[in-house]
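**Q** Got coords_2.cif for you, mmCIF, C-alpha atoms:
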```cif
data_final
#
loop_
_atom_site.label_atom_id
_atom_site.label_comp_id
_atom_site.auth_asym_id
_atom_site.auth_seq_id
_atom_site.Cartn_x
_atom_site.Cartn_y
_atom_site.Cartn_z
CA MET A 1 -49.75 -49.63 -33.09
CA ILE A 2 -50.08 -47.24 -30.13
CA GLN A 3 -46.78 -46.00 -28.74
CA ARG A 4 -46.44 -46.82 -25.03
CA ILE A 5 -45.34 -43.91 -22.86
CA TYR A 6 -44.57 -44.51 -19.20
CA LEU A 7 -44.93 -41.44 -16.94
CA ASP A 8 -45.48 -43.08 -13.54
CA ASN A 9 -41.91 -43.32 -12.31
CA ALA A 10 -42.76 -42.31 -8.74
CA ALA A 11 -44.60 -45.64 -8.57
CA THR A 12 -41.73 -47.64 -10.05
CA THR A 13 -38.97 -47.23 -12.59
CA LYS A 14 -37.79 -49.35 -15.50
CA MET A 15 -34.80 -51.45 -14.50
CA ASP A 16 -31.61 -50.23 -16.12
CA PRO A 17 -30.20 -52.94 -18.45
CA MET A 18 -26.83 -52.66 -16.70
CA VAL A 19 -28.53 -53.47 -13.38
CA LEU A 20 -30.06 -56.60 -14.86
CA ASP A 21 -26.68 -57.64 -16.28
CA ALA A 22 -25.13 -57.29 -12.82
CA MET A 23 -27.89 -59.39 -11.24
CA LEU A 24 -28.11 -62.30 -13.70
CA PRO A 25 -25.03 -64.25 -12.54
CA TYR A 26 -26.47 -64.36 -9.00
CA MET A 27 -29.76 -65.74 -10.28
CA GLN A 28 -28.08 -68.55 -12.20
CA GLU A 29 -24.46 -69.60 -11.66
CA GLU A 30 -23.68 -67.87 -8.34
CA TYR A 31 -26.74 -69.04 -6.41
CA GLY A 32 -25.23 -70.03 -3.05
CA ASN A 33 -26.74 -68.97 0.27
CA ALA A 34 -24.55 -66.16 1.58
CA SER A 35 -24.82 -67.58 5.11
CA SER A 36 -23.36 -70.97 4.15
CA LEU A 37 -19.75 -71.84 5.05
CA HIS A 38 -18.81 -73.57 1.80
CA TYR A 39 -17.29 -71.86 -1.25
CA ALA A 40 -20.67 -71.05 -2.90
CA GLY A 41 -21.87 -69.33 0.25
CA LEU A 42 -18.63 -67.51 1.00
CA ASP A 43 -18.38 -66.18 -2.55
CA ASN A 44 -21.84 -64.65 -2.21
CA ARG A 45 -21.08 -63.28 1.25
CA VAL A 46 -18.14 -61.39 -0.23
CA VAL A 47 -20.53 -59.90 -2.79
CA VAL A 48 -22.98 -58.85 -0.05
CA ASP A 49 -20.17 -57.24 1.95
CA ARG A 50 -18.95 -55.39 -1.13
CA SER A 51 -22.46 -54.15 -1.88
CA GLN A 52 -22.91 -53.02 1.71
CA ALA A 53 -19.67 -51.02 1.45
CA LYS A 54 -20.81 -49.39 -1.81
CA LEU A 55 -24.10 -48.28 -0.31
CA ALA A 56 -22.35 -47.03 2.82
CA ASN A 57 -20.00 -44.97 0.65
CA PHE A 58 -22.99 -43.42 -1.15
CA LEU A 59 -24.70 -42.56 2.15
CA GLY A 60 -21.48 -41.39 3.81
CA CYS A 61 -21.69 -43.81 6.72
CA SER A 62 -20.05 -46.91 8.13
CA LYS A 63 -20.72 -50.28 6.45
CA SER A 64 -22.02 -51.62 9.76
CA GLU A 65 -24.79 -49.00 9.74
CA VAL A 66 -26.39 -50.29 6.50
CA TYR A 67 -29.00 -53.08 6.52
CA PHE A 68 -30.71 -54.60 3.49
CA THR A 69 -34.50 -55.02 3.56
CA SER A 70 -37.34 -55.97 1.22
CA GLY A 71 -38.03 -52.32 0.38
CA ALA A 72 -38.94 -48.93 1.77
CA THR A 73 -42.18 -50.06 3.45
CA GLU A 74 -40.28 -52.53 5.60
CA SER A 75 -37.52 -49.98 6.23
CA ASP A 76 -40.06 -47.37 7.33
CA ASN A 77 -41.76 -49.80 9.68
CA MET A 78 -38.39 -50.78 11.11
CA ALA A 79 -37.51 -47.14 11.75
CA ILE A 80 -40.78 -46.31 13.54
CA PHE A 81 -41.31 -49.46 15.58
CA GLY A 82 -37.64 -50.30 16.06
CA VAL A 83 -36.76 -47.05 17.81
CA VAL A 84 -39.96 -46.61 19.83
CA GLU A 85 -40.08 -50.22 21.02
CA ALA A 86 -36.41 -50.08 22.05
CA ILE A 87 -36.99 -46.93 24.11
CA LYS A 88 -40.12 -48.42 25.66
CA SER A 89 -38.19 -51.54 26.63
CA SER A 90 -35.37 -49.55 28.18
CA ASN A 91 -37.65 -47.41 30.34
CA LYS A 92 -41.02 -49.01 31.02
CA ASP A 93 -41.99 -46.21 33.44
CA VAL A 94 -42.52 -43.68 30.63
CA ASP A 95 -44.45 -45.77 28.07
CA SER A 96 -47.46 -43.48 28.03
CA LYS A 97 -45.33 -40.33 27.77
CA LEU A 98 -43.46 -41.16 24.58
CA HIS A 99 -44.10 -38.66 21.81
CA VAL A 100 -43.48 -39.02 18.06
CA ILE A 101 -43.65 -36.30 15.40
CA THR A 102 -44.41 -36.89 11.72
CA THR A 103 -46.42 -35.06 9.04
CA LYS A 104 -49.84 -35.31 7.45
CA ILE A 105 -48.29 -35.88 4.01
CA GLU A 106 -46.23 -38.99 4.74
CA HIS A 107 -46.55 -42.24 2.84
CA ASP A 108 -48.85 -44.79 4.46
CA ALA A 109 -45.74 -46.82 5.34
CA ILE A 110 -45.14 -44.14 7.99
CA LEU A 111 -48.70 -43.10 8.82
CA GLU A 112 -50.03 -46.59 9.48
CA PRO A 113 -47.24 -47.52 11.94
CA CYS A 114 -47.85 -44.20 13.70
CA HIS A 115 -51.58 -44.98 13.98
CA GLU A 116 -50.62 -48.34 15.48
CA LEU A 117 -48.36 -46.59 18.03
CA GLU A 118 -51.29 -44.40 19.05
CA LYS A 119 -53.29 -47.53 19.84
CA GLN A 120 -50.44 -48.50 22.17
CA GLY A 121 -50.57 -45.21 24.07
CA VAL A 122 -47.84 -43.31 22.24
CA GLU A 123 -48.73 -39.70 21.39
CA VAL A 124 -48.20 -38.70 17.77
CA THR A 125 -48.23 -35.17 16.36
CA TYR A 126 -48.96 -34.82 12.63
CA LEU A 127 -47.49 -31.57 11.30
CA LEU A 128 -49.68 -29.68 8.83
CA PRO A 129 -47.92 -28.36 5.69
CA ASP A 130 -48.64 -25.13 3.86
CA LYS A 131 -50.47 -25.04 0.51
CA ASN A 132 -47.31 -26.15 -1.30
CA GLY A 133 -46.69 -29.12 0.97
CA MET A 134 -43.86 -27.36 2.77
CA ILE A 135 -43.16 -27.57 6.51
CA ASP A 136 -40.77 -25.06 8.04
CA VAL A 137 -38.33 -25.49 10.90
CA ALA A 138 -40.34 -23.28 13.24
CA THR A 139 -43.36 -25.58 12.88
CA LEU A 140 -41.27 -28.59 13.85
CA LYS A 141 -39.59 -26.78 16.73
CA GLU A 142 -42.94 -25.73 18.18
CA ALA A 143 -44.16 -29.35 18.17
CA ILE A 144 -41.18 -30.78 20.05
CA ARG A 145 -41.78 -31.65 23.71
CA PRO A 146 -39.57 -32.95 26.51
CA GLU A 147 -40.99 -36.46 25.90
CA THR A 148 -40.39 -36.41 22.10
CA VAL A 149 -38.24 -39.39 21.12
CA LEU A 150 -38.63 -39.66 17.35
CA VAL A 151 -39.20 -37.36 14.38
CA SER A 152 -39.97 -38.94 10.99
CA ILE A 153 -40.31 -36.60 8.00
CA MET A 154 -40.09 -37.62 4.35
CA TYR A 155 -37.44 -36.06 2.11
CA ILE A 156 -39.48 -35.69 -1.11
CA ASN A 157 -43.24 -36.14 -1.20
CA ASN A 158 -44.30 -38.95 -3.51
CA GLU A 159 -47.47 -37.25 -4.76
CA ILE A 160 -46.74 -33.54 -5.18
CA GLY A 161 -42.94 -33.64 -5.30
CA THR A 162 -42.22 -31.13 -2.53
CA ILE A 163 -38.62 -31.30 -1.29
CA LEU A 164 -38.66 -30.80 2.47
CA PRO A 165 -35.78 -29.09 4.33
CA ILE A 166 -34.35 -32.23 5.92
CA THR A 167 -30.93 -30.69 6.54
CA GLN A 168 -32.50 -27.82 8.49
CA PHE A 169 -34.61 -30.25 10.51
CA GLY A 170 -31.50 -32.30 11.25
CA GLU A 171 -29.58 -29.23 12.39
CA LEU A 172 -32.42 -28.19 14.70
CA ILE A 173 -32.70 -31.64 16.29
CA SER A 174 -28.93 -31.95 16.62
CA GLU A 175 -28.75 -28.59 18.38
CA LEU A 176 -31.65 -29.37 20.72
CA ASN A 177 -30.13 -32.74 21.65
CA LYS A 178 -27.10 -30.98 23.13
CA THR A 179 -29.16 -29.85 26.11
CA ARG A 180 -31.98 -32.41 26.23
CA GLU A 181 -32.29 -35.12 28.83
CA THR A 182 -34.17 -37.35 26.37
CA LYS A 183 -32.58 -37.58 22.93
CA ILE A 184 -34.67 -37.11 19.78
CA TYR A 185 -33.91 -39.55 16.96
CA PHE A 186 -34.49 -38.35 13.40
CA HIS A 187 -35.67 -40.53 10.50
CA THR A 188 -36.32 -39.62 6.88
CA ASP A 189 -38.02 -41.65 4.18
CA ALA A 190 -35.72 -40.90 1.22
CA THR A 191 -37.45 -43.25 -1.21
CA GLN A 192 -38.20 -40.52 -3.76
CA ALA A 193 -35.02 -38.57 -3.03
CA ILE A 194 -32.12 -40.91 -3.81
CA ASN A 195 -32.14 -40.07 -7.54
CA PHE A 196 -32.19 -36.31 -7.17
CA VAL A 197 -30.75 -34.76 -3.99
CA ASN A 198 -27.91 -35.11 -1.51
CA CYS A 199 -28.49 -38.16 0.70
CA ASN A 200 -25.27 -38.04 2.72
CA VAL A 201 -26.49 -38.88 6.21
CA ALA A 202 -23.80 -36.79 7.90
CA ASP A 203 -24.92 -33.71 5.98
CA LEU A 204 -28.58 -34.44 6.72
CA LYS A 205 -27.86 -35.23 10.39
CA VAL A 206 -30.37 -38.10 10.33
CA ASP A 207 -30.21 -41.17 12.56
CA LEU A 208 -32.23 -43.38 10.22
CA LEU A 209 -32.90 -43.30 6.46
CA SER A 210 -35.13 -45.53 4.31
CA MET A 211 -34.80 -46.31 0.61
CA SER A 212 -35.99 -48.74 -2.07
CA GLY A 213 -34.37 -50.24 -5.18
CA HIS A 214 -37.22 -50.00 -7.65
CA LYS A 215 -37.45 -46.20 -7.50
CA ILE A 216 -33.87 -45.80 -8.80
CA TYR A 217 -33.90 -48.09 -11.87
CA GLY A 218 -33.16 -51.12 -9.69
CA PRO A 219 -35.14 -54.27 -8.85
CA LYS A 220 -38.33 -54.58 -6.84
CA GLY A 221 -38.34 -56.40 -3.52
CA VAL A 222 -35.13 -54.94 -2.14
CA GLY A 223 -34.31 -51.80 -0.16
CA ALA A 224 -32.18 -50.66 2.72
CA ILE A 225 -32.20 -48.79 5.99
CA TYR A 226 -29.42 -46.74 7.50
CA ILE A 227 -29.34 -46.88 11.31
CA ARG A 228 -26.76 -44.68 13.00
CA GLN A 229 -24.53 -46.45 15.49
CA ASN A 230 -25.87 -46.30 19.08
CA THR A 231 -29.42 -45.57 17.93
CA PRO A 232 -31.75 -47.65 20.15
CA PHE A 233 -33.34 -50.33 18.01
CA LYS A 234 -35.47 -53.41 18.60
CA PRO A 235 -35.71 -55.85 15.67
CA LEU A 236 -39.11 -56.62 14.17
CA VAL A 237 -38.11 -59.99 12.75
CA PHE A 238 -36.51 -62.94 14.57
CA GLY A 239 -35.27 -66.30 13.40
CA GLY A 240 -31.78 -65.81 12.01
CA HIS A 241 -28.47 -64.13 12.77
CA GLN A 242 -27.90 -62.25 9.53
CA GLN A 243 -27.18 -58.52 9.58
CA ALA A 244 -26.24 -58.43 13.26
CA ASN A 245 -29.72 -59.74 14.16
CA ILE A 246 -31.18 -56.35 13.16
CA ARG A 247 -32.84 -57.73 10.02
CA PRO A 248 -32.40 -61.52 9.87
CA GLY A 249 -33.32 -63.69 6.91
CA THR A 250 -31.60 -65.20 3.88
CA TYR A 251 -29.75 -62.57 1.89
CA ASN A 252 -31.45 -61.59 -1.36
CA VAL A 253 -28.13 -61.56 -3.19
CA PRO A 254 -29.45 -60.77 -6.71
CA GLY A 255 -31.58 -57.95 -5.30
CA ILE A 256 -28.73 -56.56 -3.20
CA VAL A 257 -26.42 -56.62 -6.22
CA GLY A 258 -29.11 -54.87 -8.29
CA LEU A 259 -29.69 -52.20 -5.66
CA THR A 260 -26.04 -51.26 -5.44
CA ALA A 261 -25.59 -51.46 -9.22
CA ALA A 262 -28.38 -48.88 -9.50
CA ILE A 263 -26.61 -46.74 -6.91
CA ASP A 264 -23.38 -47.00 -8.93
CA LEU A 265 -25.20 -45.81 -12.06
CA LEU A 266 -26.33 -42.63 -10.30
CA GLY A 267 -22.75 -41.49 -10.68
CA ASN A 268 -21.23 -38.39 -9.17
CA GLU A 269 -22.95 -35.12 -8.32
CA SER A 270 -22.13 -33.65 -11.74
CA LYS A 271 -23.81 -36.54 -13.57
CA ARG A 272 -26.91 -36.38 -11.36
CA SER A 273 -27.11 -32.63 -11.88
CA GLN A 274 -27.04 -33.10 -15.65
CA ILE A 275 -29.85 -35.67 -15.56
CA ASN A 276 -31.83 -33.47 -13.14
CA GLN A 277 -31.58 -30.52 -15.53
CA SER A 278 -32.95 -32.60 -18.40
CA LEU A 279 -35.85 -33.70 -16.23
CA ILE A 280 -36.55 -30.16 -15.07
CA GLU A 281 -36.83 -29.00 -18.69
CA LEU A 282 -39.40 -31.72 -19.45
CA ARG A 283 -41.22 -31.09 -16.16
CA ASP A 284 -41.48 -27.35 -16.75
CA CYS A 285 -42.66 -27.93 -20.30
CA ILE A 286 -45.52 -30.06 -18.94
CA ILE A 287 -46.44 -27.56 -16.24
CA ASN A 288 -46.38 -24.55 -18.55
CA ARG A 289 -48.38 -26.25 -21.32
CA VAL A 290 -51.01 -27.67 -18.95
CA LEU A 291 -51.56 -24.41 -17.09
CA THR A 292 -51.76 -22.33 -20.27
CA THR A 293 -53.89 -24.66 -22.41
CA ILE A 294 -56.30 -26.35 -19.98
CA ASP A 295 -58.75 -24.04 -18.22
CA GLY A 296 -59.24 -24.87 -14.56
CA ALA A 297 -55.98 -26.83 -14.28
CA ILE A 298 -54.22 -26.22 -10.96
CA LEU A 299 -50.67 -27.20 -10.10
CA THR A 300 -50.41 -28.99 -6.74
CA GLY A 301 -47.21 -28.31 -4.83
CA GLY A 302 -44.93 -25.34 -5.32
CA MET A 303 -42.31 -24.67 -8.00
CA GLU A 304 -39.33 -23.59 -5.89
CA GLU A 305 -38.66 -26.77 -3.89
CA ARG A 306 -39.96 -29.43 -6.25
CA SER A 307 -38.55 -32.76 -7.38
CA PRO A 308 -37.09 -32.52 -10.90
CA ASN A 309 -39.32 -35.34 -12.13
CA ASN A 310 -42.71 -34.38 -10.67
CA ALA A 311 -45.64 -32.45 -12.18
CA SER A 312 -48.97 -32.89 -10.41
CA PHE A 313 -52.32 -31.25 -11.07
CA VAL A 314 -56.02 -31.20 -10.33
CA PHE A 315 -58.54 -30.60 -13.13
CA ASP A 316 -61.87 -29.11 -12.19
CA GLY A 317 -64.66 -31.07 -13.86
CA ALA A 318 -62.72 -34.23 -14.72
CA GLU A 319 -62.19 -37.24 -12.45
CA GLY A 320 -58.54 -38.20 -12.06
CA GLU A 321 -59.20 -41.93 -12.40
CA ASP A 322 -61.14 -41.34 -15.62
CA ILE A 323 -58.21 -39.37 -17.04
CA VAL A 324 -55.82 -42.16 -16.09
CA LEU A 325 -58.02 -44.83 -17.73
CA MET A 326 -58.56 -42.83 -20.91
CA LEU A 327 -54.84 -42.13 -21.28
CA SER A 328 -54.05 -45.77 -20.53
CA GLU A 329 -56.19 -46.74 -23.54
CA ARG A 330 -53.92 -44.48 -25.56
CA GLY A 331 -50.81 -46.23 -24.23
CA ILE A 332 -49.90 -43.59 -21.63
CA ALA A 333 -49.29 -44.63 -18.00
CA LEU A 334 -49.82 -42.12 -15.19
CA SER A 335 -51.27 -42.05 -11.69
CA THR A 336 -53.74 -40.07 -9.64
CA GLY A 337 -51.32 -40.20 -6.69
CA SER A 338 -49.57 -42.91 -4.71
CA ALA A 339 -49.67 -46.33 -6.38
CA CYS A 340 -50.02 -47.85 -2.90
CA SER A 341 -53.40 -46.11 -2.53
CA ALA A 342 -54.74 -47.06 -5.97
CA GLY A 343 -58.28 -48.41 -5.74
CA SER A 344 -59.17 -46.39 -2.66
CA LEU A 345 -62.35 -44.33 -2.91
CA ASP A 346 -60.97 -41.74 -0.51
CA PRO A 347 -59.32 -38.60 -1.90
CA SER A 348 -55.57 -38.20 -1.44
CA HIS A 349 -54.65 -37.41 2.17
CA VAL A 350 -51.75 -35.35 0.82
CA LEU A 351 -54.01 -33.09 -1.24
CA LEU A 352 -56.46 -32.70 1.64
CA ALA A 353 -53.56 -31.75 3.93
CA ILE A 354 -52.47 -28.91 1.62
CA GLY A 355 -56.01 -27.55 1.48
CA VAL A 356 -57.38 -28.99 -1.77
CA PRO A 357 -61.17 -29.47 -1.36
CA SER A 358 -62.27 -33.10 -1.25
CA GLU A 359 -64.25 -32.97 -4.51
CA LEU A 360 -61.38 -31.34 -6.39
CA ALA A 361 -58.87 -33.79 -4.89
CA HIS A 362 -60.62 -36.58 -6.81
CA SER A 363 -59.49 -34.89 -10.04
CA SER A 364 -55.76 -35.28 -9.36
CA LEU A 365 -53.14 -36.44 -11.85
CA ARG A 366 -49.45 -37.12 -11.15
CA VAL A 367 -46.83 -37.12 -13.90
CA SER A 368 -43.47 -38.52 -12.77
CA LEU A 369 -40.60 -38.63 -15.24
CA SER A 370 -37.52 -40.81 -15.69
CA LYS A 371 -34.20 -40.52 -17.48
CA TYR A 372 -35.74 -42.48 -20.36
CA ASN A 373 -38.50 -39.99 -21.21
CA THR A 374 -38.17 -37.77 -24.29
CA GLN A 375 -39.61 -34.49 -25.52
CA GLU A 376 -41.46 -36.39 -28.25
CA GLU A 377 -43.23 -38.49 -25.61
CA ILE A 378 -44.16 -35.39 -23.64
CA ASP A 379 -45.65 -33.74 -26.75
CA ILE A 380 -47.78 -36.81 -27.45
CA PHE A 381 -48.88 -37.00 -23.81
CA LEU A 382 -49.91 -33.35 -23.69
CA THR A 383 -52.00 -33.69 -26.84
CA GLU A 384 -53.77 -36.74 -25.45
CA LEU A 385 -54.26 -35.12 -22.03
CA ILE A 386 -55.96 -32.06 -23.51
CA THR A 387 -58.26 -34.34 -25.53
CA ALA A 388 -59.10 -36.50 -22.51
CA VAL A 389 -59.90 -33.60 -20.17
CA THR A 390 -61.99 -31.85 -22.83
CA LYS A 391 -63.97 -35.03 -23.54
CA LEU A 392 -64.60 -35.80 -19.86
CA ARG A 393 -65.81 -32.28 -19.17
CA SER A 394 -68.27 -32.51 -22.05
CA LEU A 395 -69.94 -35.63 -20.71
#
```
Could I get this file's structure written as structure tokens?
**A**
Amino acid sequence: MIQRIYLDNAATTKMDPMVLDAMLPYMQEEYGNASSLHYAGLDNRVVVDRSQAKLANFLGCSKSEVYFTSGATESDNMAIFGVVEAIKSSNKDVDSKLHVITTKIEHDAILEPCHELEKQGVEVTYLLPDKNGMIDVATLKEAIRPETVLVSIMYINNEIGTILPITQFGELISELNKTRETKIYFHTDATQAINFVNCNVADLKVDLLSMSGHKIYGPKGVGAIYIRQNTPFKPLVFGGHQQANIRPGTYNVPGIVGLTAAIDLLGNESKRSQINQSLIELRDCIINRVLTTIDGAILTGGMEERSPNNASFVFDGAEGEDIVLMLSERGIALSTGSACSAGSLDPSHVLLAIGVPSELAHSSLRVSLSKYNTQEEIDIFLTELITAVTKLRSL
């Protein structure tokens, strides 16, 4: 029987058994609606409040600044549309002058809302990264205008693993806001970052932060958004009074419990650092072996500011989708890039943005590790990868 090896953890992670154990009671015995006034509802409302406090403690914010969502895509849309629509509503005379800044390497959950804003007359600047996917503070500063109202920059890129200098961006925006007539609000999509780097919102100086449960060994279908107090915000959804009307709808109590259980399991900084180091050793093993044994293999993204779990490549002469399918037949799961773009015939917009030629971008492969992966699995994967690339090039 073929051993199954899962190396696509940027797409989703395996739920930790302890997360499932925490969720099960709220799927069976404790099933009340947390908005109901009777004992079954009130018991669940206490659980929701406790979970909200746990997540707030992790993010370093007030409990009232945390809102549960269906995942990072919803949270990202809320951040973009919520802020811009609120500012538009408060000052209808400057609708056409509003300016938003993001980057060319964002997830589609940011890019598509920004494209929609452009249709509505909002100007959007898309910052271009360097060849490693990095954007420096000077590039952001140069793009800021008097009419800029929102900056949205991801924390860790989901395809090439680049860790962007969010703290430096936050410091710049915070300093500029001291003398600006129009405040700039700062959002980061931290979906790929929660596992690996500091996400204390006070340290980052962000006004909004998005996250998702299924990237951190939690359940799918649940996420959260941090919205700093006094940040202008217009809800996207109406029809209930939950969560201060910011994100109404029946509480997904099992999902909320699972999300915060996953946060609890991240542990303190020392524990995360230990796990990160183990991942870095596996990651570097992959990178070194691929670059030294496969001719024409190119690492995408730099080494210095890279997520501990990400190794991404392009292979001249071998289609990325063909590599993925061949390895899948051998029980190995990987991706050519973002799972949300799977099936698209277009090359990765991230790779194009960092200067990878279109034809070569079709040969991309992303390896994303988890705490469950072992050196034995990596050795098997590397052997199979070399065989697959060699075979495809010979065809």
**Q** Pick out the residues sitting within 7 Å of stretch 259-276 of chain A, and hand them over as a PyMOL selection string; count all atoms listed in the file, and ignore anything fewer than 2 positions along from it in its own chain.
**A** chain A and resi 19+22+51+54-55+195-196+213+216-219+255-257+278-280+308+371
**Q** Care to translate the PyMOL selection byres ((chain A and resi 294) around 9) into actual residues of this file, as a list in words?
**A**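 Evaluating the PyMOL selection byres ((chain A and resi 294) around 9) on these coordinates yields Arg289, Val290, Leu291, Thr292, Thr293, Asp295, Gly296, Ala297, Phe315, Ile386, Val389 and Thr390 of chain A.
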**Q** Distance atom CA of A:Ser358-atom CA of A:Lys119, one decimal place?
**A**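 These two atoms are separated by 27.1 Å.
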**Q** I'd like the interatomic distance between atom CA of A:Gly170 and atom CA of A:Thr125, to a tenth of an Å.
**A**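 Atom CA of A:Thr125 lies 17.7 Å from atom CA of A:Gly170.
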**Q** Using only C-alpha atoms, which protein or nucleic acid residues come within 12 Å of A:Ala10? Drop anything in the same chain fewer than 4 positions from it, and give the result as an MDAnalysis selection string.
**A** chainID A and resid 6 14 156:161 191:195 212 214:217 307:312 333:340 366:370
**Q** Kindly resolve the PyMOL selection byres ((chain A and resi 71) around 7) on the present coordinates and return the residues as an mmCIF file with C-alpha atoms, in the coordinates of the input.
**A**
```
data_model
loop_
_atom_site.group_PDB
_atom_site.id
_atom_site.type_symbol
_atom_site.label_atom_id
_atom_site.label_comp_id
_atom_site.auth_asym_id
_atom_site.auth_seq_id
_atom_site.Cartn_x
_atom_site.Cartn_y
_atom_site.Cartn_z
ATOM 1 C CA THR A 69 -34.500 -55.020 3.560
ATOM 2 C CA SER A 70 -37.340 -55.970 1.220
ATOM 3 C CA ALA A 72 -38.940 -48.930 1.770
ATOM 4 C CA THR A 73 -42.180 -50.060 3.450
ATOM 5 C CA GLU A 74 -40.280 -52.530 5.600
ATOM 6 C CA SER A 75 -37.520 -49.980 6.230
ATOM 7 C CA MET A 211 -34.800 -46.310 0.610
ATOM 8 C CA SER A 212 -35.990 -48.740 -2.070
ATOM 9 C CA GLY A 213 -34.370 -50.240 -5.180
ATOM 10 C CA GLY A 221 -38.340 -56.400 -3.520
ATOM 11 C CA VAL A 222 -35.130 -54.940 -2.140
ATOM 12 C CA GLY A 223 -34.310 -51.800 -0.160
ATOM 13 C CA ALA A 224 -32.180 -50.660 2.720
#
```
**Q** Return the single residue from A:Asp76, A:Asp49, A:Asp8, A:Glu30 that is closest to A:His107, with distances computed using only C-alpha atoms.
**A**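 Between A:Asp76, A:Asp49, A:Asp8, A:Glu30, the residue approaching A:His107 most closely is A:Asp76.
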**Q** May I have the protein, DNA and RNA residues with an atom at most 12 Å from (-42.3, -38.5, -27.2), counting all atoms listed in the file in the file's coordinates, returned as a VMD selection string?
**A** chain A and resid 3 to 7 282 331 to 332 372 to 384
**Q** Applying 12 Å and all atoms listed in the file, which residues near A:Gly60 remain after dropping the ones on its own chain fewer than 3 positions away? List them as a list in words.
**A**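 Using all atoms listed in the file, the neighbours found are Gln52, Ala53, Lys54, Leu55, Ala56, Asn57, Lys63, Ser64, Glu65, Val66, Asn198, Cys199, Asn200, Val201, Ala202, Asp203, Leu204, Lys205, Val206, Leu209, Tyr226 and Arg228 of chain A.
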**Q** To test your reading of the syntax: which residues would the PyMOL selection byres ((chain A and resi 348) around 12) return for the file shown? Reply as number ranges by chain.
**A** A: 104-108, 158-160, 300, 314, 320, 335-347, 349-366
**Q** Measuring atom to atom with all atoms listed in the file, identify which of A:Lys220, A:Val324, A:Asn230, A:Asp316 is nearest to A:Met15.
**A** A:Lys220
**Q** Could you check how far atom CA of A:Val122 sits from atom CA of A:Glu171, in Å to one decimal?
**A**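 Rounded to one decimal, the two atoms are 25.1 Å apart.
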**Q** Counting only C-alpha atoms, find the residues whose atoms lie at most 12 Å from (-53.8, -44.1, 25.3) (file coordinates) and write them out as a ChimeraX atom specification.
**A** /A:95-99,115-124
**Q** For A:Ala79, work out the shell of residues within 7 Å, counting all atoms listed in the file and skipping chain neighbours fewer than 4 positions away, then give it as a VMD selection string.
**A** chain A and resid 75 83 187 208
**Q** List as a ChimeraX atom specification the protein and nucleic acid residues near A:Val237, meaning an atom at most 8 Å away when all atoms listed in the file are counted, but skip any in the same chain fewer than 6 places from it.
**A** /A:246-248
**Q** So, counting all atoms listed in the file, which residue among A:Ile87, A:Asp189, A:Thr179, A:Phe233 is closest to A:Thr103?
**A**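 Going through A:Ile87, A:Asp189, A:Thr179, A:Phe233 one by one, the smallest distance to A:Thr103 is for A:Asp189.
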**Q** Smallest atom-to-atom distance to A:Val84: which of A:Ile287, A:Val48, A:Val151, A:Leu37, using only C-alpha atoms?
**A**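 Checking each candidate against A:Val84, we get A:Val151 as the closest.
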